[in-house]
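Participant: Data: my_file36.txt, compact mmCIF, C-alpha atoms.
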# COMPACT_ATOMS: atom_id res chain seq x y z
CA MET A 812 0.00 0.00 0.00
CA ASN A 813 1.32 3.45 -0.94
CA TYR A 814 0.68 5.30 2.29
CA GLN A 815 2.49 8.42 1.10
CA ALA A 816 -0.02 8.95 -1.72
CA SER A 817 -2.49 10.49 0.73
CA LEU A 818 0.13 13.11 1.61
CA LYS A 819 1.21 13.78 -1.97
CA ASN A 820 -2.40 14.07 -3.11
CA LEU A 821 -3.49 16.49 -0.41
CA LYS A 822 -5.07 19.49 -2.14
CA PRO A 823 -5.14 22.79 -0.25
CA SER A 824 -8.59 23.94 0.81
CA HIS A 825 -7.22 26.79 2.96
CA GLU A 826 -4.29 29.21 2.75
CA PHE A 827 -2.73 27.71 5.89
CA PHE A 828 -1.32 24.27 6.70
CA ILE A 829 -0.61 22.86 10.19
CA GLY A 830 1.02 19.54 11.06
CA ILE A 831 0.37 18.25 14.58
CA ASP A 832 2.07 15.48 16.53
CA SER A 833 -0.26 13.18 18.47
CA ASP A 834 1.18 11.18 21.42
CA GLY A 835 2.26 13.48 24.25
CA CYS A 836 1.27 16.51 22.23
CA VAL A 837 -2.48 16.28 21.67
CA PHE A 838 -3.13 13.23 23.84
CA ASP A 839 -1.73 12.75 27.34
CA SER A 840 -0.69 9.23 26.36
CA MET A 841 3.07 9.28 26.12
CA GLU A 842 3.96 8.41 29.70
CA VAL A 843 1.36 5.67 30.07
CA LYS A 844 2.37 4.03 26.79
CA GLN A 845 6.08 4.05 27.60
CA LYS A 846 5.77 3.05 31.26
CA GLU A 847 2.94 0.51 31.03
CA PHE A 848 3.50 -1.06 27.59
CA PHE A 849 6.91 -0.37 26.07
CA ILE A 850 9.02 -0.96 29.18
CA PRO A 851 7.22 -4.08 30.50
CA ASN A 852 7.43 -5.73 27.08
CA ALA A 853 11.10 -4.81 26.79
CA LEU A 854 11.77 -6.45 30.15
CA LYS A 855 9.99 -9.58 28.94
CA TYR A 856 11.27 -9.99 25.39
CA PHE A 857 14.86 -8.88 26.02
CA ASP A 858 15.12 -10.72 29.36
CA LEU A 859 16.11 -7.58 31.29
CA PHE A 860 14.48 -8.24 34.67
CA GLU A 861 17.87 -8.37 36.39
CA ILE A 862 18.49 -4.74 35.39
CA SER A 863 14.88 -3.55 35.50
CA LYS A 864 15.61 -0.38 37.50
CA ILE A 865 18.47 0.62 35.20
CA LEU A 866 16.39 -0.12 32.12
CA GLN A 867 13.48 1.96 33.39
CA GLU A 868 15.71 4.96 34.13
CA THR A 869 17.46 4.70 30.76
CA TRP A 870 14.25 4.10 28.81
CA GLU A 871 12.41 7.02 30.39
CA PHE A 872 15.34 9.35 29.74
CA VAL A 873 15.42 8.45 26.04
CA ASN A 874 11.69 8.30 25.39
CA LEU A 875 10.27 10.91 27.76
CA TYR A 876 12.74 13.30 29.35
CA SER A 877 15.43 14.18 26.80
CA ILE A 878 16.20 15.47 23.33
CA TYR A 879 15.48 11.94 22.06
CA ARG A 880 11.83 12.09 23.15
CA GLY A 881 9.24 11.33 20.48
CA GLY A 882 11.48 9.40 18.12
CA ASN A 883 10.55 6.35 16.09
CA ARG A 884 10.38 3.32 18.42
CA PHE A 885 13.12 1.45 16.55
CA THR A 886 15.66 4.26 16.56
CA SER A 887 14.73 4.90 20.20
CA ILE A 888 15.33 1.32 21.34
CA ILE A 889 18.71 1.41 19.60
CA LYS A 890 19.55 4.54 21.62
CA VAL A 891 18.36 2.88 24.84
CA PHE A 892 20.65 -0.09 24.25
CA GLU A 893 23.58 2.16 23.31
CA LEU A 894 23.23 3.94 26.66
CA LEU A 895 22.81 0.64 28.50
CA TYR A 896 26.05 -0.66 26.96
CA GLU A 897 27.81 2.44 28.33
CA ARG A 898 26.49 2.16 31.89
CA LYS A 899 29.07 1.13 34.45
CA GLU A 900 26.53 -0.74 36.59
CA ILE A 901 25.83 -3.12 33.72
CA ARG A 902 29.49 -3.61 32.82
CA ASP A 903 30.28 -4.35 36.48
CA LYS A 904 27.56 -7.00 36.55
CA GLY A 905 28.88 -8.58 33.37
CA PHE A 906 25.30 -8.51 32.13
CA LYS A 907 24.89 -9.55 28.49
CA LEU A 908 22.60 -7.36 26.42
CA ALA A 909 20.96 -8.27 23.13
CA ASP A 910 22.92 -7.39 20.01
CA LEU A 911 20.85 -5.01 17.91
CA SER A 912 23.22 -4.96 14.91
CA SER A 913 20.57 -6.42 12.60
CA LEU A 914 18.06 -3.78 13.67
CA LYS A 915 20.64 -1.03 13.11
CA LYS A 916 21.27 -2.38 9.61
CA TRP A 917 17.55 -2.36 8.81
CA VAL A 918 17.11 1.18 10.16
CA LYS A 919 19.86 2.39 7.82
CA ILE A 920 18.33 0.87 4.68
CA GLU A 921 14.59 1.26 5.39
CA THR A 922 12.85 4.61 4.94
CA LYS A 923 9.50 3.60 6.47
CA LEU A 924 10.25 2.24 9.94
CA GLY A 925 7.05 0.37 10.69
CA ASN A 926 6.14 -3.04 12.09
CA ALA A 927 5.07 -4.59 8.80
CA ASN A 928 8.30 -3.65 7.06
CA LEU A 929 10.38 -4.94 9.97
CA ARG A 930 8.58 -8.29 9.96
CA LYS A 931 9.07 -8.60 6.20
CA TYR A 932 12.80 -7.91 6.59
CA PHE A 933 13.10 -10.32 9.52
CA GLU A 934 11.46 -13.15 7.59
CA SER A 935 14.17 -12.84 4.94
CA ASN A 936 17.03 -12.11 7.37
CA TYR A 937 16.55 -14.33 10.42
CA ASP A 938 18.45 -13.29 13.52
CA PRO A 939 17.52 -14.30 17.10
CA ASP A 940 18.05 -10.81 18.49
CA LEU A 941 16.00 -9.27 15.68
CA GLU A 942 13.28 -11.79 16.50
CA ARG A 943 13.19 -10.30 19.99
CA VAL A 944 12.61 -6.85 18.49
CA VAL A 945 9.79 -8.14 16.28
CA SER A 946 8.14 -9.93 19.23
CA TRP A 947 8.54 -6.84 21.42
CA THR A 948 7.09 -4.31 18.98
CA GLU A 949 4.18 -6.53 17.97
CA ALA A 950 3.37 -7.22 21.63
CA VAL A 951 3.41 -3.49 22.37
CA ASN A 952 0.92 -2.85 19.58
CA LYS A 953 -1.30 -5.75 20.63
CA ASP A 954 -1.38 -4.72 24.29
CA ILE A 955 -2.09 -1.07 23.51
CA SER A 956 -4.89 -1.95 21.08
CA GLU A 957 -6.50 -4.32 23.58
CA MET A 958 -6.09 -2.37 26.80
CA LEU A 959 -5.47 1.34 26.34
CA ARG A 960 -8.66 3.38 26.27
CA ASN A 961 -10.03 6.75 27.30
CA ILE A 962 -6.80 8.75 27.27
CA PRO A 963 -8.20 12.22 26.71
CA PRO A 964 -6.70 15.06 24.69
CA PHE A 965 -5.36 18.06 26.57
CA PRO A 966 -8.37 20.39 27.01
CA HIS A 967 -6.84 23.41 25.31
CA ALA A 968 -5.59 21.18 22.48
CA ILE A 969 -9.19 20.31 21.58
CA GLN A 970 -10.16 23.97 21.51
CA ALA A 971 -7.14 24.90 19.43
CA ILE A 972 -7.71 22.13 16.88
CA LYS A 973 -11.34 23.13 16.41
CA LYS A 974 -10.32 26.74 15.90
CA MET A 975 -7.44 25.88 13.54
CA SER A 976 -9.57 23.60 11.36
CA ALA A 977 -11.70 26.59 10.38
CA PHE A 978 -8.81 28.34 8.58
CA ALA A 979 -6.09 25.70 8.02
CA ASP A 980 -5.61 22.24 6.54
CA LEU A 981 -4.57 19.99 9.43
CA ILE A 982 -2.67 16.70 9.27
CA ILE A 983 -1.35 14.41 11.98
CA VAL A 984 2.44 13.99 11.85
CA SER A 985 3.45 11.03 14.00
CA GLN A 986 5.69 7.99 14.39
CA THR A 987 2.92 6.03 16.12
CA PRO A 988 1.46 3.14 14.09
CA LEU A 989 -1.46 4.26 11.93
CA GLU A 990 -3.93 1.80 13.49
CA ALA A 991 -3.43 3.32 16.95
CA LEU A 992 -3.67 6.88 15.63
CA GLU A 993 -6.89 6.20 13.74
CA ARG A 994 -8.44 4.55 16.79
CA GLU A 995 -7.45 7.35 19.20
CA TRP A 996 -8.65 10.18 16.97
CA GLU A 997 -11.94 8.41 16.21
CA GLU A 998 -12.49 7.50 19.87
CA HIS A 999 -12.57 11.19 20.79
CA ASP A 1000 -14.49 12.29 17.67
CA MET A 1001 -11.53 14.39 16.46
CA LYS A 1002 -10.70 12.71 13.16
CA LYS A 1003 -13.18 15.00 11.41
CA TYR A 1004 -10.88 17.98 11.98
CA VAL A 1005 -7.87 16.61 10.07
CA LYS A 1006 -7.24 15.94 6.38
CA VAL A 1007 -4.71 13.13 6.78
CA ILE A 1008 -3.45 11.00 9.66
CA ALA A 1009 0.18 10.09 8.95
CA GLY A 1010 1.92 7.47 11.08
CA GLN A 1011 5.17 5.52 10.96
CA GLU A 1012 3.97 3.74 7.80
CA HIS A 1013 4.03 7.07 5.93
CA GLY A 1014 7.75 7.63 6.50
CA THR A 1015 9.50 10.19 8.67
CA LYS A 1016 7.93 13.32 10.09
CA ARG A 1017 10.16 15.34 7.78
CA GLU A 1018 8.70 13.45 4.82
CA HIS A 1019 5.14 13.95 6.06
CA LEU A 1020 5.57 17.72 6.09
CA ALA A 1021 7.45 17.86 2.81
CA LEU A 1022 4.98 15.70 0.90
CA ALA A 1023 1.82 17.29 2.27
CA GLY A 1024 2.79 20.92 2.66
CA LYS A 1025 5.90 22.03 0.77
CA GLY A 1026 5.20 23.91 -2.44
CA LYS A 1027 1.45 23.98 -1.80
CA TYR A 1028 1.37 26.81 0.74
CA THR A 1029 3.38 29.96 1.41
CA GLU A 1030 6.26 29.02 3.77
CA ASN A 1031 5.15 31.34 6.58
CA ASN A 1032 1.69 29.78 6.31
CA ILE A 1033 3.01 26.33 7.28
CA LEU A 1034 3.36 25.38 10.95
CA MET A 1035 4.33 22.25 12.87
CA ILE A 1036 3.14 21.73 16.47
CA GLY A 1037 4.98 19.13 18.53
CA ASP A 1038 6.50 18.15 21.85
CA ALA A 1039 9.85 16.71 20.76
CA ILE A 1040 13.14 17.91 19.28
CA GLY A 1041 12.45 15.60 16.34
CA ASP A 1042 9.27 17.58 15.62
CA MET A 1043 11.23 20.83 15.64
CA ASP A 1044 13.94 19.34 13.40
CA ALA A 1045 11.33 18.06 10.94
CA ALA A 1046 9.91 21.58 10.73
CA LYS A 1047 13.22 23.40 10.43
CA ASN A 1048 14.58 20.93 7.86
CA ASN A 1049 11.59 21.90 5.75
CA GLY A 1050 12.03 25.61 6.40
CA ILE A 1051 8.72 26.00 8.20
CA LEU A 1052 7.53 27.40 11.53
CA PHE A 1053 7.40 25.43 14.77
CA ASN A 1054 5.28 25.83 17.89
CA PRO A 1055 6.51 23.70 20.81
CA ILE A 1056 4.33 21.92 23.35
CA ILE A 1057 6.61 21.69 26.38
CA PRO A 1058 6.68 18.30 28.16
CA GLY A 1059 5.23 18.65 31.64
CA LYS A 1060 3.51 21.90 30.64
CA GLU A 1061 1.39 20.55 27.81
CA ASP A 1062 -1.95 22.17 28.52
CA GLU A 1063 -0.29 25.46 29.49
CA SER A 1064 1.54 25.36 26.15
CA TRP A 1065 -1.70 24.75 24.27
CA GLU A 1066 -3.41 27.54 26.18
CA ARG A 1067 -0.59 29.92 25.26
CA TYR A 1068 -0.84 28.88 21.63
CA LEU A 1069 -4.63 29.19 21.66
CA THR A 1070 -4.62 32.69 23.18
CA GLU A 1071 -1.43 34.04 21.61
CA GLY A 1072 0.44 31.98 19.03
CA LEU A 1073 -2.50 31.00 16.86
CA GLU A 1074 -3.41 34.58 15.95
CA LYS A 1075 0.25 35.51 15.48
CA PHE A 1076 0.56 32.65 13.00
CA ARG A 1077 -2.64 33.58 11.22
CA LYS A 1078 -1.64 37.24 10.95
CA GLY A 1079 1.96 36.58 9.84
CA ARG A 1080 3.60 37.66 13.11
CA PHE A 1081 4.79 34.25 14.36
CA ALA A 1082 8.21 34.13 12.67
CA GLY A 1083 11.15 35.97 14.18
CA ALA A 1084 11.46 37.05 17.80
CA TYR A 1085 8.27 35.32 18.96
CA GLU A 1086 9.17 31.90 17.57
CA LYS A 1087 12.77 32.22 18.78
CA SER A 1088 11.61 32.86 22.35
CA LEU A 1089 9.44 29.74 22.24
CA LEU A 1090 12.29 27.62 20.90
CA ARG A 1091 14.71 28.80 23.60
CA GLU A 1092 12.28 27.75 26.34
CA PHE A 1093 11.61 24.45 24.59
CA ARG A 1094 15.29 23.48 24.22
CA LYS A 1095 15.88 24.15 27.91
CA SER A 1096 13.14 21.66 28.83
CA LEU A 1097 14.82 18.66 27.14
CA PRO A 1098 18.38 17.78 28.26
CA ASP A 1099 20.89 15.83 26.19
CA THR A 1100 22.95 14.49 29.12
CA PRO A 1101 21.55 11.59 31.19
CA PRO A 1102 21.00 12.30 34.90
CA TRP A 1103 23.27 9.38 35.91
CA GLU A 1104 26.16 11.18 34.19
CA THR A 1105 25.54 14.56 35.80
CA GLY A 1106 25.02 13.25 39.33
What does this structure look like when you write it as structure tokens?
Facilitator:
Amino acid sequence: MNYQASLKNLKPSHEFFIGIDSDGCVFDSMEVKQKEFFIPNALKYFDLFEISKILQETWEFVNLYSIYRGGNRFTSIIKVFELLYERKEIRDKGFKLADLSSLKKWVKIETKLGNANLRKYFESNYDPDLERVVSWTEAVNKDISEMLRNIPPFPHAIQAIKKMSAFADLIIVSQTPLEALEREWEEHDMKKYVKVIAGQEHGTKREHLALAGKGKYTENNILMIGDAIGDMDAAKNNGILFNPIIPGKEDESWERYLTEGLEKFRKGRFAGAYEKSLLREFRKSLPDTPPWETG
């Protein structure tokens, strides 16, 4: 299936275009997904119970509380294991971690880092450690689809999305699997506000924005809203504006955007000093050095 066709074929119906991240940005789902589904399944499928406390600290740093937050799950688990390999506590234990070389190879050659493509690659390139990754990621999806319900959007996010949809073409720009995105947006009757829901199957966030927005709208009429450095990078690599949703201050960030940033964007006053002040605050909220290295 050509998932990217829906992005390429998007026809402007407004002068403005806004891409919006989903998990942790619109929905308060990031912490519960990582802590209740991603980490427990990692403990199980990578046999990490002996270092569970170290894994939890490392995983939460990468996926929730650092510049790596919001990345694709496969690049993120590679980063988690890279940090685990470096940790003195694990070296002192002589604990043997899974070798993710096969996953790293796949990440380098695959442009659409989704479950289906990983399984297809695995079936032609068997590796026991890659099998662990396949089992882990499929279990995460299964558990989330069966158990996770009623995670509401941030209140001011709902108001902002309704208001934006009246003057801008909205798309979802995410690295969450499409099935989960569709279900979450339908569950809260919010799918009607967006033109396209793009997940990991559609490629990178940078590709989502480029395919759907670039060349179709004036550059200062294109905005990305997100809660991760990767969202900001996707925007800036496309030469478009970025409004951050600061982790831990999500609803306050949406309220500020709703009462301040939205009209600045609409009236052409978002770029420049205003955006720069938002980005400075955002960068300060996401460290690049793990807490176990800083003491």
Participant: Which residue, A:Ala1009, A:Met975, A:Met812, A:Leu1097, has the smallest gap to Ala991 in chain A when you use only C-alpha atoms?
Facilitator: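 Under the stated criterion, the closest residue is A:Ala1009.
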Participant: Between CA of Trp1065 in chain A and CA of Gly1037 in chain A, measure the distance and give it in Å to one decimal.
Facilitator: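 Taking CA of Trp1065 in chain A and CA of Gly1037 in chain A, their separation equals 10.4 Å.
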Participant: From the set A:Thr922, A:Asn928, A:Asp839, A:Glu993, which residue has the shortest atom-to-atom contact distance to Lys1016 in chain A, counting only C-alpha atoms?
Facilitator: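 Closest candidate: A:Thr922.
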Participant: Of the candidates A:Leu929, A:Phe1081, A:Ser833, A:Leu866, which one gets nearest to Arg898 in chain A if we count all atoms listed in the file?
Facilitator: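 Nearest candidate to Arg898 in chain A out of A:Leu929, A:Phe1081, A:Ser833, A:Leu866: A:Leu866.
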Participant: In terms of the shortest atom-to-atom distance over only C-alpha atoms, which of A:Val843, A:Asn1031, A:Val918, A:Trp996 is closest to Lys1047 in chain A?
Facilitator: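 Closest to Lys1047 in chain A of all the choices is A:Asn1031.
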Participant: Smallest atom-to-atom distance to Ser976 in chain A: which of A:Tyr879, A:Tyr896, A:Phe828, A:Tyr814, using only C-alpha atoms?
Facilitator: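 Among the listed residues, the smallest separation from Ser976 in chain A belongs to A:Phe828.
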Participant: Using only C-alpha atoms, pick whichever of A:Gly905, A:Lys931, A:Lys1095, A:Phe838 has the shortest atom-to-atom distance to Leu992 in chain A.
Facilitator: A:Phe838
Participant: Just to confirm, what's the straight-line distance from CA of Gln986 in chain A to CA of Asn883 in chain A in Å (one decimal)?
Facilitator: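 So the answer is 5.4 Å.
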Participant: How close does each residue of range 841-912 of chain A get to range 945-951 of chain A, giving the shortest atom pair and distance in Å to one decimal for every residue with an atom at most 6 Å away, counting only C-alpha atoms, sorted by chain and residue number, as a tab-separated table?
Facilitator:
residue	atom	partner	partner_atom	distance
A:Phe848	CA	A:Val951	CA	5.8
A:Phe849	CA	A:Val951	CA	6.0
A:Asn852	CA	A:Trp947	CA	5.9
A:Tyr856	CA	A:Trp947	CA	5.8
Participant: Could you state the separation of CA of Ile1033 in chain A and CA of Arg884 in chain A in Å, given to one decimal place?
Facilitator: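 These atoms are spaced 26.6 Å apart.
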Participant: If we count only C-alpha atoms and set the cut-off at 12 Å, which residues sit around Tyr876 in chain A, ignoring sequence neighbours fewer than 6 positions away in its own chain? Please answer as an MDAnalysis selection string.
Facilitator: chainID A and resid 835 841:842 845 868:870 882 1038:1040 1057:1059 1094:1102
Participant: Write the residues of the selection above to a file with C-alpha atoms, as a JSON list (two decimals), keeping the file's coordinate frame.
Facilitator:
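Final file, out_6.json:
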[["chain", "number", "residue", "atom", "x", "y", "z"],
["A", 835, "GLY", "CA", 2.26, 13.48, 24.25],
["A", 841, "MET", "CA", 3.07, 9.28, 26.12],
["A", 842, "GLU", "CA", 3.96, 8.41, 29.70],
["A", 845, "GLN", "CA", 6.08, 4.05, 27.60],
["A", 868, "GLU", "CA", 15.71, 4.96, 34.13],
["A", 869, "THR", "CA", 17.46, 4.70, 30.76],
["A", 870, "TRP", "CA", 14.25, 4.10, 28.81],
["A", 882, "GLY", "CA", 11.48, 9.40, 18.12],
["A", 1038, "ASP", "CA", 6.50, 18.15, 21.85],
["A", 1039, "ALA", "CA", 9.85, 16.71, 20.76],
["A", 1040, "ILE", "CA", 13.14, 17.91, 19.28],
["A", 1057, "ILE", "CA", 6.61, 21.69, 26.38],
["A", 1058, "PRO", "CA", 6.68, 18.30, 28.16],
["A", 1059, "GLY", "CA", 5.23, 18.65, 31.64],
["A", 1094, "ARG", "CA", 15.29, 23.48, 24.22],
["A", 1095, "LYS", "CA", 15.88, 24.15, 27.91],
["A", 1096, "SER", "CA", 13.14, 21.66, 28.83],
["A", 1097, "LEU", "CA", 14.82, 18.66, 27.14],
["A", 1098, "PRO", "CA", 18.38, 17.78, 28.26],
["A", 1099, "ASP", "CA", 20.89, 15.83, 26.19],
["A", 1100, "THR", "CA", 22.95, 14.49, 29.12],
["A", 1101, "PRO", "CA", 21.55, 11.59, 31.19],
["A", 1102, "PRO", "CA", 21.00, 12.30, 34.90]]
Participant: Taking (-7.8, 12.2, 7.6) in the coordinates of the supplied file, I want to know which residues reach to within 9 Å of it, counting all atoms listed in the file; could you give the answer as a count of residues only?
Facilitator: 13
Participant: Neighbours of Glu1071 in chain A within 12 Å (only C-alpha atoms; same-chain residues fewer than 5 positions away dropped), as a VMD selection string?
Facilitator: chain A and resid 971 1054 1063 to 1066 1076 to 1078 1080 to 1081 1085 to 1086 1089
Participant: I'd like the neighbourhood of Phe906 in chain A as a VMD selection string, where a residue qualifies if any of its atoms comes within 10 Å (using only C-alpha atoms), though same-chain residues fewer than 6 positions away should be ignored.
Facilitator: chain A and resid 859 861 to 862 896 900
Participant: Would you mind listing what lies within 12 Å of Phe860 in chain A as a compact mmCIF listing (two decimals) with C-alpha atoms, in the frame of the given file, with all atoms listed in the file counted and same-chain residues fewer than 5 positions away left out?
Facilitator:
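Heads up, here's the output in selection23.txt:
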# COMPACT_ATOMS: atom_id res chain seq x y z
CA ILE A 850 9.02 -0.96 29.18
CA PRO A 851 7.22 -4.08 30.50
CA ASN A 852 7.43 -5.73 27.08
CA ALA A 853 11.10 -4.81 26.79
CA LEU A 854 11.77 -6.45 30.15
CA LYS A 855 9.99 -9.58 28.94
CA ILE A 865 18.47 0.62 35.20
CA LEU A 866 16.39 -0.12 32.12
CA GLN A 867 13.48 1.96 33.39
CA PHE A 906 25.30 -8.51 32.13
CA LEU A 908 22.60 -7.36 26.42
Participant: Since fewer atoms than expected are present, regenerate N, CA and C atoms for range 833-848 of chain A and write them as a PDB file, in the frame of the given file.
Facilitator:
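Resulting contents of part_24.pdb:
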ATOM      1  N   SER A 833       0.881  13.730  17.725  1.00  0.00           N
ATOM      2  CA  SER A 833      -0.260  13.180  18.470  1.00  0.00           C
ATOM      3  C   SER A 833       0.104  12.783  19.898  1.00  0.00           C
ATOM      4  N   ASP A 834       0.838  11.679  20.076  1.00  0.00           N
ATOM      5  CA  ASP A 834       1.180  11.180  21.420  1.00  0.00           C
ATOM      6  C   ASP A 834       2.002  12.208  22.196  1.00  0.00           C
ATOM      7  N   GLY A 835       1.529  12.552  23.393  1.00  0.00           N
ATOM      8  CA  GLY A 835       2.260  13.480  24.250  1.00  0.00           C
ATOM      9  C   GLY A 835       2.096  14.918  23.857  1.00  0.00           C
ATOM     10  N   CYS A 836       1.475  15.148  22.720  1.00  0.00           N
ATOM     11  CA  CYS A 836       1.270  16.510  22.230  1.00  0.00           C
ATOM     12  C   CYS A 836      -0.217  16.862  22.305  1.00  0.00           C
ATOM     13  N   VAL A 837      -1.035  16.100  21.593  1.00  0.00           N
ATOM     14  CA  VAL A 837      -2.480  16.280  21.670  1.00  0.00           C
ATOM     15  C   VAL A 837      -3.073  15.412  22.780  1.00  0.00           C
ATOM     16  N   PHE A 838      -2.615  14.158  22.836  1.00  0.00           N
ATOM     17  CA  PHE A 838      -3.130  13.230  23.840  1.00  0.00           C
ATOM     18  C   PHE A 838      -2.110  13.025  24.961  1.00  0.00           C
ATOM     19  N   ASP A 839      -2.596  12.956  26.174  1.00  0.00           N
ATOM     20  CA  ASP A 839      -1.730  12.750  27.340  1.00  0.00           C
ATOM     21  C   ASP A 839      -1.425  11.261  27.498  1.00  0.00           C
ATOM     22  N   SER A 840      -0.848  10.685  26.435  1.00  0.00           N
ATOM     23  CA  SER A 840      -0.690   9.230  26.360  1.00  0.00           C
ATOM     24  C   SER A 840       0.755   8.763  26.374  1.00  0.00           C
ATOM     25  N   MET A 841       1.687   9.685  26.319  1.00  0.00           N
ATOM     26  CA  MET A 841       3.070   9.280  26.120  1.00  0.00           C
ATOM     27  C   MET A 841       3.629   8.519  27.323  1.00  0.00           C
ATOM     28  N   GLU A 842       3.411   9.053  28.513  1.00  0.00           N
ATOM     29  CA  GLU A 842       3.960   8.410  29.700  1.00  0.00           C
ATOM     30  C   GLU A 842       3.322   7.037  29.935  1.00  0.00           C
ATOM     31  N   VAL A 843       2.016   6.947  29.807  1.00  0.00           N
ATOM     32  CA  VAL A 843       1.360   5.670  30.070  1.00  0.00           C
ATOM     33  C   VAL A 843       1.791   4.623  29.058  1.00  0.00           C
ATOM     34  N   LYS A 844       1.939   4.999  27.799  1.00  0.00           N
ATOM     35  CA  LYS A 844       2.370   4.030  26.790  1.00  0.00           C
ATOM     36  C   LYS A 844       3.779   3.531  27.068  1.00  0.00           C
ATOM     37  N   GLN A 845       4.686   4.451  27.367  1.00  0.00           N
ATOM     38  CA  GLN A 845       6.080   4.050  27.600  1.00  0.00           C
ATOM     39  C   GLN A 845       6.212   3.226  28.877  1.00  0.00           C
ATOM     40  N   LYS A 846       5.582   3.685  29.951  1.00  0.00           N
ATOM     41  CA  LYS A 846       5.770   3.050  31.260  1.00  0.00           C
ATOM     42  C   LYS A 846       4.974   1.763  31.429  1.00  0.00           C
ATOM     43  N   GLU A 847       3.811   1.673  30.807  1.00  0.00           N
ATOM     44  CA  GLU A 847       2.940   0.510  31.030  1.00  0.00           C
ATOM     45  C   GLU A 847       2.972  -0.510  29.896  1.00  0.00           C
ATOM     46  N   PHE A 848       3.503  -0.138  28.730  1.00  0.00           N
ATOM     47  CA  PHE A 848       3.500  -1.060  27.590  1.00  0.00           C
ATOM     48  C   PHE A 848       4.885  -1.281  26.993  1.00  0.00           C
TER      49      PHE A 848
END
